[in-house]
Every structure is written in structure tokens, then in C-alpha cells.
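Colleague: Sending over my_file07.txt (compact mmCIF, C-alpha atoms).
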# COMPACT_ATOMS: atom_id res chain seq x y z
CA MET S 197 52.62 102.83 125.20
CA GLN S 198 52.65 106.59 125.78
CA LYS S 199 56.09 108.13 125.56
CA GLY S 200 55.30 111.20 127.67
CA THR S 201 53.44 114.49 127.73
CA LEU S 202 54.50 117.41 125.54
CA LEU S 203 53.33 121.03 125.66
CA ILE S 204 53.60 122.94 122.36
CA VAL S 205 53.40 126.73 122.53
CA ASP S 206 53.01 128.55 119.21
CA ASP S 207 50.78 131.43 118.14
CA VAL S 208 50.34 130.03 114.60
CA PRO S 209 47.45 127.50 114.51
CA ALA S 210 48.78 125.78 111.40
CA ASN S 211 52.13 125.06 113.09
CA LEU S 212 50.38 123.68 116.15
CA SER S 213 48.14 121.44 114.10
CA VAL S 214 50.85 119.86 111.96
CA LEU S 215 53.36 119.34 114.78
CA SER S 216 50.84 118.10 117.33
CA GLU S 217 49.39 115.60 114.86
CA PHE S 218 52.82 114.19 114.02
CA LEU S 219 53.89 113.86 117.66
CA SER S 220 50.58 112.32 118.69
CA GLU S 221 51.02 109.67 115.98
CA THR S 222 54.48 108.82 117.38
CA GLY S 223 53.03 108.04 120.81
CA PHE S 224 53.11 111.31 122.78
CA LYS S 225 50.29 112.96 124.67
CA VAL S 226 50.27 116.46 123.19
CA LEU S 227 48.88 119.66 124.77
CA VAL S 228 48.81 122.94 122.83
CA THR S 229 48.38 126.63 123.52
CA GLN S 230 48.87 129.83 121.50
CA ASP S 231 49.52 132.18 124.42
CA GLY S 232 52.56 132.54 126.69
CA SER S 233 50.70 133.27 129.92
CA ARG S 234 48.38 130.30 129.34
CA ALA S 235 51.41 128.13 128.66
CA ILE S 236 52.82 129.03 132.07
CA LYS S 237 49.55 128.16 133.84
CA LYS S 238 49.20 124.90 131.92
CA ALA S 239 52.80 123.90 132.68
CA GLU S 240 52.22 124.52 136.40
CA HIS S 241 49.02 122.48 136.37
CA VAL S 242 49.98 119.56 134.10
CA HIS S 243 53.78 119.36 134.55
CA PRO S 244 54.58 118.15 131.02
CA ASP S 245 57.73 116.15 130.37
CA LEU S 246 58.98 118.68 127.79
CA ILE S 247 57.92 122.04 126.33
CA LEU S 248 58.30 123.09 122.69
CA LEU S 249 58.25 126.89 122.84
CA ASP S 250 58.02 129.35 119.97
CA VAL S 251 60.23 132.42 120.38
CA MET S 252 58.34 135.02 118.37
CA MET S 253 54.90 135.44 119.95
CA PRO S 254 52.76 138.55 120.63
CA SER S 255 52.17 139.86 124.13
CA MET S 256 54.75 137.59 125.77
CA ASP S 257 57.61 136.12 123.71
CA GLY S 258 59.26 132.78 124.29
CA PHE S 259 62.21 134.27 126.16
CA GLN S 260 59.88 135.82 128.73
CA VAL S 261 57.93 132.58 129.10
CA CYS S 262 61.11 130.57 129.58
CA ARG S 263 62.41 133.03 132.19
CA ILE S 264 59.20 132.69 134.23
CA LEU S 265 59.11 128.90 133.91
CA LYS S 266 62.69 128.59 135.12
CA SER S 267 62.02 130.89 138.07
CA LYS S 268 59.31 128.63 139.50
CA ASP S 269 60.16 125.55 141.55
CA SER S 270 57.27 123.60 140.02
CA THR S 271 58.41 124.10 136.41
CA LYS S 272 62.14 124.92 136.51
CA ASP S 273 63.23 121.35 135.75
CA ILE S 274 61.03 120.86 132.67
CA PRO S 275 63.22 120.84 129.52
CA VAL S 276 62.41 123.69 127.11
CA ILE S 277 63.22 123.47 123.40
CA PHE S 278 62.87 126.74 121.50
CA MET S 279 61.30 126.74 118.03
CA THR S 280 62.49 129.73 116.04
CA ALA S 281 63.24 131.07 112.62
CA LEU S 282 65.99 133.15 114.18
CA ALA S 283 69.47 131.99 113.24
CA ASP S 284 71.31 134.71 115.14
CA THR S 285 73.88 133.30 117.59
CA ILE S 286 73.09 136.04 120.12
CA ASP S 287 69.46 134.88 120.31
CA LYS S 288 70.54 131.30 120.82
CA ILE S 289 72.96 132.29 123.59
CA LYS S 290 70.18 134.30 125.23
CA GLY S 291 67.91 131.26 125.18
CA PHE S 292 70.54 128.96 126.69
CA SER S 293 71.32 131.54 129.36
CA LEU S 294 67.65 131.45 130.37
CA GLY S 295 67.82 127.68 130.82
CA ALA S 296 66.66 126.34 127.47
CA ALA S 297 67.74 122.78 126.69
CA ASP S 298 67.92 123.11 122.91
CA TYR S 299 66.90 124.99 119.70
CA ILE S 300 64.98 123.83 116.63
CA THR S 301 65.10 126.05 113.58
CA LYS S 302 61.99 126.64 111.51
CA PRO S 303 60.78 125.32 109.17
CA ILE S 304 60.70 122.31 111.45
CA GLN S 305 61.81 118.91 110.17
CA HIS S 306 59.77 116.21 111.85
CA GLU S 307 62.52 113.64 112.20
CA GLU S 308 64.85 116.25 113.70
CA VAL S 309 62.34 117.44 116.28
CA LEU S 310 61.54 113.83 117.23
CA ALA S 311 65.21 113.02 117.71
CA ARG S 312 65.79 116.09 119.88
CA ILE S 313 62.69 115.43 121.98
CA ASN S 314 63.69 111.82 122.62
CA THR S 315 67.24 112.86 123.50
CA HIS S 316 66.16 115.41 126.10
CA LEU S 317 63.45 113.17 127.54
CA ASN S 318 66.05 110.43 128.04
CA LEU S 319 68.41 112.92 129.66
CA ARG S 320 65.68 114.10 132.01
CA ARG S 321 64.73 110.52 132.86
CA LEU S 322 68.35 109.74 133.74
CA GLN S 323 68.58 112.90 135.87
CA GLN S 324 65.38 111.99 137.72
CA GLU S 325 66.65 108.46 138.34
CA ALA S 326 69.96 109.83 139.61
CA GLN S 327 68.17 112.25 141.92
CA SER S 328 65.94 109.46 143.19
CA HIS S 329 68.94 107.23 143.88
CA THR S 330 70.72 110.11 145.62
CA VAL S 331 67.75 110.79 147.89
CA GLU S 332 67.40 107.09 148.69
CA LEU S 333 71.13 106.76 149.35
CA GLU S 334 71.09 109.81 151.62
CA LYS S 335 68.13 108.37 153.52
CA ARG S 336 69.91 105.04 153.97
CA ASN S 337 73.09 106.77 155.07
CA GLN S 338 71.16 108.73 157.69
CA GLU S 339 69.52 105.54 158.93
CA LEU S 340 72.88 103.77 159.04
CA GLU S 341 74.50 106.65 160.92
CA ALA S 342 71.67 106.73 163.44
CA PHE S 343 71.89 102.97 163.90
CA ALA S 344 75.69 103.06 164.26
CA ARG S 345 75.56 105.83 166.85
CA THR S 346 72.85 104.05 168.84
CA VAL S 347 74.70 100.74 168.82
CA ALA S 348 78.01 102.40 169.64
CA HIS S 349 76.56 104.26 172.61
CA ASP S 350 74.77 101.16 173.83
CA LEU S 351 78.03 99.19 173.65
CA LYS S 352 80.21 101.87 175.17
CA ASN S 353 78.34 102.25 178.45
CA PRO S 354 78.56 98.58 179.54
CA LEU S 355 82.13 98.38 178.27
CA ASN S 356 83.16 101.30 180.43
CA LEU S 357 81.51 99.56 183.36
CA VAL S 358 83.56 96.40 182.68
CA ILE S 359 86.76 98.44 182.40
CA ASN S 360 86.12 100.39 185.59
CA TYR S 361 85.23 97.24 187.51
CA THR S 362 88.35 95.44 186.25
CA GLU S 363 90.57 98.36 187.19
CA SER S 364 89.02 98.43 190.66
CA VAL S 365 89.63 94.70 191.19
CA LEU S 366 93.23 94.97 189.97
CA GLU S 367 93.88 97.79 192.42
CA ASP S 368 92.52 95.67 195.28
CA TYR S 369 94.34 92.51 194.23
CA PRO S 370 97.73 93.29 192.64
CA PRO S 371 100.09 90.45 191.57
CA GLY S 372 101.19 88.36 194.57
CA THR S 373 97.90 88.71 196.50
CA PRO S 374 95.58 85.75 197.28
CA MET S 375 93.75 86.15 193.94
CA GLY S 376 96.79 84.69 192.17
CA THR S 377 99.02 85.80 189.31
CA ASP S 378 97.06 83.93 186.61
CA ALA S 379 93.80 85.60 187.57
CA THR S 380 95.52 88.97 187.62
CA GLN S 381 96.93 88.41 184.14
CA GLN S 382 93.51 87.40 182.86
CA LEU S 383 92.00 90.57 184.28
CA GLN S 384 94.77 92.58 182.58
CA THR S 385 93.76 90.96 179.30
CA VAL S 386 90.12 91.85 179.91
CA LEU S 387 91.17 95.41 180.59
CA GLN S 388 93.26 95.68 177.39
CA VAL S 389 90.54 94.18 175.22
CA GLY S 390 87.92 96.45 176.78
CA ARG S 391 90.01 99.54 176.12
CA LYS S 392 90.60 98.45 172.54
CA MET S 393 86.87 98.00 172.00
CA VAL S 394 86.19 101.47 173.42
CA THR S 395 88.77 102.87 170.99
CA ILE S 396 87.00 101.19 168.08
CA ILE S 397 83.63 102.49 169.22
CA ASP S 398 85.04 106.01 169.57
CA ALA S 399 86.39 105.73 166.03
CA LEU S 400 82.98 104.67 164.71
CA LEU S 401 81.25 107.50 166.55
CA LEU S 402 83.77 109.98 165.16
CA LEU S 403 83.29 108.62 161.64
CA ALA S 404 79.52 108.95 161.96
CA GLY S 405 79.90 112.51 163.27
CA VAL S 406 82.29 113.54 160.50
CA SER S 407 80.03 112.07 157.81
CA LYS S 408 76.93 113.74 159.21
CA GLN S 409 78.32 117.17 160.03
CA ARG S 410 78.48 119.35 156.95
CA GLU S 411 80.30 122.23 158.65
CA VAL S 412 82.25 122.80 161.83
CA LYS S 413 83.16 126.08 163.44
CA SER S 414 86.94 126.30 163.50
CA GLN S 415 88.53 128.29 166.32
CA PRO S 416 92.10 129.01 167.44
CA LEU S 417 93.42 125.85 169.06
CA GLU S 418 95.11 125.75 172.45
CA MET S 419 97.25 122.76 171.52
CA SER S 420 98.89 122.43 174.91
CA GLY S 421 95.59 121.73 176.62
CA ILE S 422 94.46 119.37 173.86
CA LEU S 423 97.62 117.27 174.15
CA SER S 424 97.46 117.27 177.92
CA GLN S 425 94.01 115.70 177.62
CA VAL S 426 95.28 113.14 175.11
CA ILE S 427 98.48 112.10 176.88
CA GLN S 428 97.56 112.31 180.53
CA GLN S 429 93.97 111.06 180.38
CA ARG S 430 93.60 108.94 177.27
CA LEU S 431 96.99 107.39 176.57
CA GLU S 432 98.51 107.08 180.04
CA HIS S 433 97.85 103.32 180.12
CA LEU S 434 99.52 102.83 176.71
CA ILE S 435 102.59 104.78 177.77
CA LYS S 436 102.90 102.55 180.82
CA GLU S 437 102.19 99.37 178.87
CA TYR S 438 104.85 100.03 176.23
CA HIS S 439 107.28 101.85 178.60
CA GLY S 440 107.20 104.75 176.19
CA GLN S 441 108.51 108.29 176.14
CA VAL S 442 106.55 111.20 174.68
CA LYS S 443 108.46 114.42 174.03
CA LEU S 444 106.63 117.72 173.66
CA PRO S 445 107.96 121.03 172.29
CA ASP S 446 108.22 124.26 174.28
CA SER S 447 105.83 126.15 171.99
CA TRP S 448 103.09 125.61 169.47
CA PRO S 449 102.10 127.72 166.43
CA ILE S 450 98.43 128.65 166.65
CA ALA S 451 96.17 127.02 164.09
CA TYR S 452 92.45 126.98 163.36
CA GLY S 453 90.51 123.78 163.93
CA TYR S 454 87.77 121.98 165.82
CA ALA S 455 89.25 120.91 169.15
CA PRO S 456 87.31 117.62 169.66
CA TRP S 457 88.37 116.38 166.23
CA VAL S 458 91.98 117.52 166.61
CA GLU S 459 92.14 115.65 169.91
CA GLU S 460 91.15 112.49 168.04
CA ILE S 461 93.86 113.10 165.43
CA TRP S 462 96.56 113.34 168.10
CA ALA S 463 95.17 110.34 169.99
CA ASN S 464 95.36 108.24 166.84
CA TYR S 465 98.84 109.35 165.76
CA VAL S 466 100.42 109.10 169.21
CA SER S 467 98.82 105.75 170.07
CA ASN S 468 100.05 104.29 166.77
CA ALA S 469 103.55 105.64 167.45
CA LEU S 470 103.53 103.94 170.86
CA LYS S 471 102.23 100.65 169.49
CA TYR S 472 104.39 100.44 166.39
CA GLY S 473 107.46 102.41 167.48
CA GLY S 474 110.74 101.05 168.80
CA GLN S 475 111.14 98.92 171.87
CA PRO S 476 110.76 100.95 173.97
CA PRO S 477 109.03 103.58 171.82
CA CYS S 478 110.33 107.13 171.84
CA VAL S 479 107.72 109.49 170.40
CA GLU S 480 108.42 113.14 169.56
CA LEU S 481 105.77 115.73 168.74
CA GLY S 482 106.29 119.06 167.03
CA ALA S 483 104.97 121.67 164.61
CA SER S 484 106.20 124.23 162.11
CA LEU S 485 104.65 127.18 160.32
CA GLU S 486 104.76 126.77 156.54
CA THR S 487 104.99 129.53 153.95
CA SER S 488 101.66 128.40 152.50
CA GLY S 489 99.87 129.70 155.60
CA MET S 490 99.39 126.25 157.09
CA VAL S 491 100.73 124.76 160.31
CA ARG S 492 102.28 121.32 159.95
CA PHE S 493 101.91 119.17 163.07
CA TRP S 494 103.87 115.94 163.26
CA VAL S 495 104.60 112.82 165.31
CA ARG S 496 107.98 111.10 164.91
CA ASP S 497 108.55 107.53 166.08
CA ASN S 498 111.61 105.30 166.34
CA GLY S 499 110.04 102.27 164.69
CA HIS S 500 111.18 100.14 161.77
CA GLY S 501 109.89 102.55 159.15
CA LEU S 502 107.59 101.84 156.23
CA SER S 503 108.23 100.82 152.63
CA PRO S 504 106.84 103.02 149.83
CA GLU S 505 104.22 100.33 149.11
CA ALA S 506 103.09 100.28 152.75
CA GLN S 507 102.89 104.08 152.84
CA LYS S 508 100.43 104.05 149.90
CA GLN S 509 98.03 101.83 151.88
CA LEU S 510 98.19 103.71 155.18
CA PHE S 511 95.10 105.88 154.86
CA THR S 512 92.96 103.18 153.22
CA PRO S 513 90.04 102.05 155.42
CA PHE S 514 90.30 98.62 157.05
CA THR S 515 93.96 98.13 156.10
CA ARG S 516 96.27 96.53 158.65
CA LEU S 517 100.02 96.81 158.13
CA HIS S 518 101.20 95.46 161.50
CA GLN S 519 100.38 91.95 162.58
CA ASP S 520 103.40 91.19 164.76
CA ARG S 521 102.60 93.72 167.49
CA ALA S 522 99.44 95.59 168.45
CA GLU S 523 96.85 94.89 165.78
CA GLY S 524 95.05 97.99 164.52
CA HIS S 525 91.32 98.10 163.85
CA GLY S 526 91.90 99.49 160.37
CA LEU S 527 89.71 102.61 160.68
CA GLY S 528 91.90 105.12 162.47
CA LEU S 529 94.06 106.68 159.77
CA SER S 530 91.28 106.81 157.19
CA ILE S 531 89.14 108.70 159.71
CA VAL S 532 92.05 111.03 160.47
CA GLN S 533 92.27 111.84 156.77
CA GLN S 534 88.55 112.64 156.54
CA VAL S 535 88.70 114.82 159.65
CA VAL S 536 91.75 116.80 158.52
CA GLU S 537 90.44 117.35 155.01
CA LYS S 538 87.15 118.58 156.45
CA LEU S 539 89.15 121.09 158.49
CA GLY S 540 90.93 122.32 155.36
CA GLY S 541 94.21 120.45 155.81
CA GLN S 542 96.08 117.42 154.55
CA VAL S 543 97.63 114.28 156.03
CA GLY S 544 100.75 112.38 155.11
CA VAL S 545 103.68 110.29 156.20
CA GLU S 546 107.43 110.42 155.63
CA SER S 547 109.26 107.20 156.32
CA VAL S 548 112.44 105.31 155.50
CA LEU S 549 112.95 101.66 156.35
CA GLY S 550 115.13 101.39 159.43
CA GLN S 551 114.77 105.08 160.32
CA GLY S 552 111.27 105.40 161.75
CA SER S 553 108.31 107.41 160.47
CA VAL S 554 106.91 110.92 160.71
CA PHE S 555 103.12 111.22 160.48
CA TYR S 556 101.85 114.74 159.90
CA PHE S 557 98.70 116.77 159.38
CA THR S 558 98.22 120.41 158.43
CA LEU S 559 95.72 123.03 159.58
CA PRO S 560 95.20 126.68 158.61
CA ALA S 561 97.41 129.06 160.57
CA ILE S 562 96.27 132.21 162.35
CA GLY S 563 96.84 134.87 159.71
CA VAL S 564 98.45 133.74 156.48
CA GLY S 565 102.18 134.42 156.64
CA GLU S 566 102.09 135.64 160.23
CA GLU S 567 104.23 133.83 162.74
CA LYS S 568 102.08 133.78 165.86
CA VAL S 569 103.29 131.32 168.47
CA VAL S 570 101.74 130.51 171.80
CA GLN S 571 104.25 129.73 174.55
CA ILE S 572 103.48 126.88 176.91
CA GLU S 573 105.19 126.01 180.14
CA GLU S 574 105.57 122.30 179.45
CA GLY S 575 108.60 121.29 177.48
CA GLU S 576 108.56 118.17 179.56
CA VAL S 577 109.20 114.62 178.64
CA VAL S 578 106.57 112.17 179.75
CA GLU S 579 108.62 109.14 180.65
CA ASN S 580 107.46 105.76 181.85
CA GLY S 581 109.95 102.94 182.15
Any chance you could put this one into C-alpha cells?

Modeller:
Amino acid sequence: MQKGTLLIVDDVPANLSVLSEFLSETGFKVLVTQDGSRAIKKAEHVHPDLILLDVMMPSMDGFQVCRILKSKDSTKDIPVIFMTALADTIDKIKGFSLGAADYITKPIQHEEVLARINTHLNLRRLQQEAQSHTVELEKRNQELEAFARTVAHDLKNPLNLVINYTESVLEDYPPGTPMGTDATQQLQTVLQVGRKMVTIIDALLLLAGVSKQREVKSQPLEMSGILSQVIQQRLEHLIKEYHGQVKLPDSWPIAYGYAPWVEEIWANYVSNALKYGGQPPCVELGASLETSGMVRFWVRDNGHGLSPEAQKQLFTPFTRLHQDRAEGHGLGLSIVQQVVEKLGGQVGVESVLGQGSVFYFTLPAIGVGEEKVVQIEEGEVVENG
């Protein structure tokens, strides 16, 4: 069984003959050349598994050959082992800086050269396998993301139709009308389940988008408008359902971020605070500018609080901590963490049993150390109940 193809480059015929004969006997296919320029052409044409390259050669020395080989896409990954009588450390450093894998000092010992060749061939084989697995994994991830997005979109459209139709029927037939209270309650259940499924689908779509998108363009965030979208359009039904209160500050520090993702962060934090807060839930939002040049945004609830053990599990995918009230789908907080970290911030929670919890996330501020605050004319309390 052939172990691989080697290219030996040496201007001394006797060296080529002895070394090539030995390596051929050990199972390698051996190619030889005495000239640097020919070695480059042969390497480009044959793509050997490893090159044994003499340093001291006329016309073009080994350093020059190695530099050219490493500059070409077709040959840059081929391991190069220098063969040299030079023992100077500076020469060795120069060779490694050019991309050489190793050095063998002349006169060459056969067992040593064989051991070094086998070592570097094994290393290259492992690297190639790792690269192959990485490419295959990336391909599968792309296929999975495309499939998830397609399925999610295909599910979301009919679900929205069900939700809209149910809302329309409930408006036409409120409790006490000829439809009957039981039927109305059943439609309310359909509506709640439909909304929950849409939330899960949105989370999956966000996860797919975050995984796929390598970079996002962060811009100054107009947090007032983002929260208006979240509270008034996305969470209005939850506020009514749980008879909750949401308190907003009078001003927001300006931070950098990607508005669609930040909207999802707030939607997740505030909806969790409504579901798992007190009865009724009182949710307070705020922000502060930190000395590190980050803005810390937070959501405080009046729930039961979390134990240290529970806090450690919070941002783990598919973990459910609450089973007595609204059951979470287990994706939300882990996605929040991925989103925030991609935007250059961090997430966390501060909680004491019996005293509620504060969930926070940080984003880069406008100008490190500068206190720039945008004033908003809200300061209102959204109250339902």
C-alpha cells in the first residue's frame, strides 16, 4: 500500500539517489528534482503530499522556493521539510517564518527523516479530515437553516389566518351572545395557542437569522419607538390577559444595535416578566450608562425570584423553569444571549427568592464615556386591570 507522494529537491545527485531509494523501499512514491524552479512547477502539477527541500541550492535557494510555494493557493498547504547543514537558529527561524513544517539536519539519518515525514503526513491528513468535516457541517447547517425558514414561513401564514379569523369571530360573538360561553372559551384557547405557536416560529426564524448572518450593521437605537412597537403591538394581548402593568422611564441612553434584534430581546424579556411575574405582574423597564462604555438595559418583575441553581440554567436552550404558570418554549433566553453577544454585549439576571428578578442586557453606548441621553415624551404607565 502506497503511503503517499513525496517530492525531494536537492542539487546533489548522490543525496537524491540515496534518500529516494530508501523512501521508495518504505512505501512512498518518490519524485525528485535538482532545480528550484522545476520543483515549483512539479509541485503545482503533481501536488505531492510532502516536500523535502534542500536549503543551499544554486540559482534559487530553498527559502525562495518555499516562499513561492506558500504564496500559491495550489501549493500553500503542502508541508515543507527543509534539509540543511545549517545549524544557525536564525536560519531555522527564517524557514519557519516562511511556512516550513520542520527541519532535518544533514547528514540525514534515515530513521529520523522517516519519523518526521510520517508525523507531518499524519498531521496533514487530520487537518484535511477536519476541513472536510467542517465543510460538510457548514453545508448541512445551511440546508437545515433553509429548511427551518421554509417550514416556519409555511406554518406562520396559516397560523396568522387562524388567529385573525378567531379574533374576528370573538369580536362578533362576545360572552353572553347566542354562540354560548363554552364556545367562546374554546375560541379563546385557540387564540392563545395560535399566538404561542407564532411566538415559537418567530423564535426559530430569529435563531436561523442570527446563525446565518455573520455581521449586522449597528446603528443608534431609538429605544422609545422600539418599545412602543413591542408593548402596543406585540404584547398588548398579554398585558390584558395577565392584567399587567408596564412602567417605562422618561429617557433612554442611546446605544448601538440592530433594531429588529433588539425588538426581539425586549419582547422576550417583557413577555417573560408578564408571564412569570407577580399576580398581577408589575413590570418596570430602565437603563443606565456604565463606566465601561456600555448601556445596561433591564426589566424588573415582581415575581417569586429565582434560586442560584435556577439562574445558572436560564440561558440554556430548551430549559423550562416554570411549569405552574405559562409554559415557555425553552428557546427564548438562549436566543437572546446569542443575539446580544453578536451585538457586542452581554446578558444576565439578578434575582433573590421572594424579591423578584432583574433581567438585563448590555449594548455599546454612543461614544465611550459620553453621557448622551435621548429624551422621550412617554414616561407613562401602561396599565390594564

Colleague: Write out as a PyMOL selection string the residues lying within 9 Å of Ile300 (chain S), counting all atoms listed in the file and excluding same-chain residues fewer than 6 positions away.

Modeller: chain S and resi 277-281+308-309+312

Colleague: At what distance in Å, to one decimal, does CA of Gly489 (chain S) lie from CA of Asn468 (chain S)?

Modeller: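 Going from CA of Asn468 (chain S) over to CA of Gly489 (chain S), I get 27.8 Å.
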
Colleague: Please indicate the distance in Å from CA of Ala239 (chain S) to CA of Phe224 (chain S), rounded to one decimal place.

Modeller: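 Here the two named atoms are 16.0 Å from each other.
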
Colleague: Quick one: pull the distance between CA of Val205 (chain S) and CA of Arg320 (chain S), Å, one decimal.

Modeller: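 Here the two named atoms are 20.0 Å from each other.
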
Colleague: Give me, as a list in words, all polymer residues having an atom no more than 9 Å from region 362-366 of chain S, counting only C-alpha atoms and skipping those fewer than 5 positions away in the same chain.

Modeller: Leu357, Pro371, Thr380, Leu383, Gln384, Val386 and Leu387 of chain S
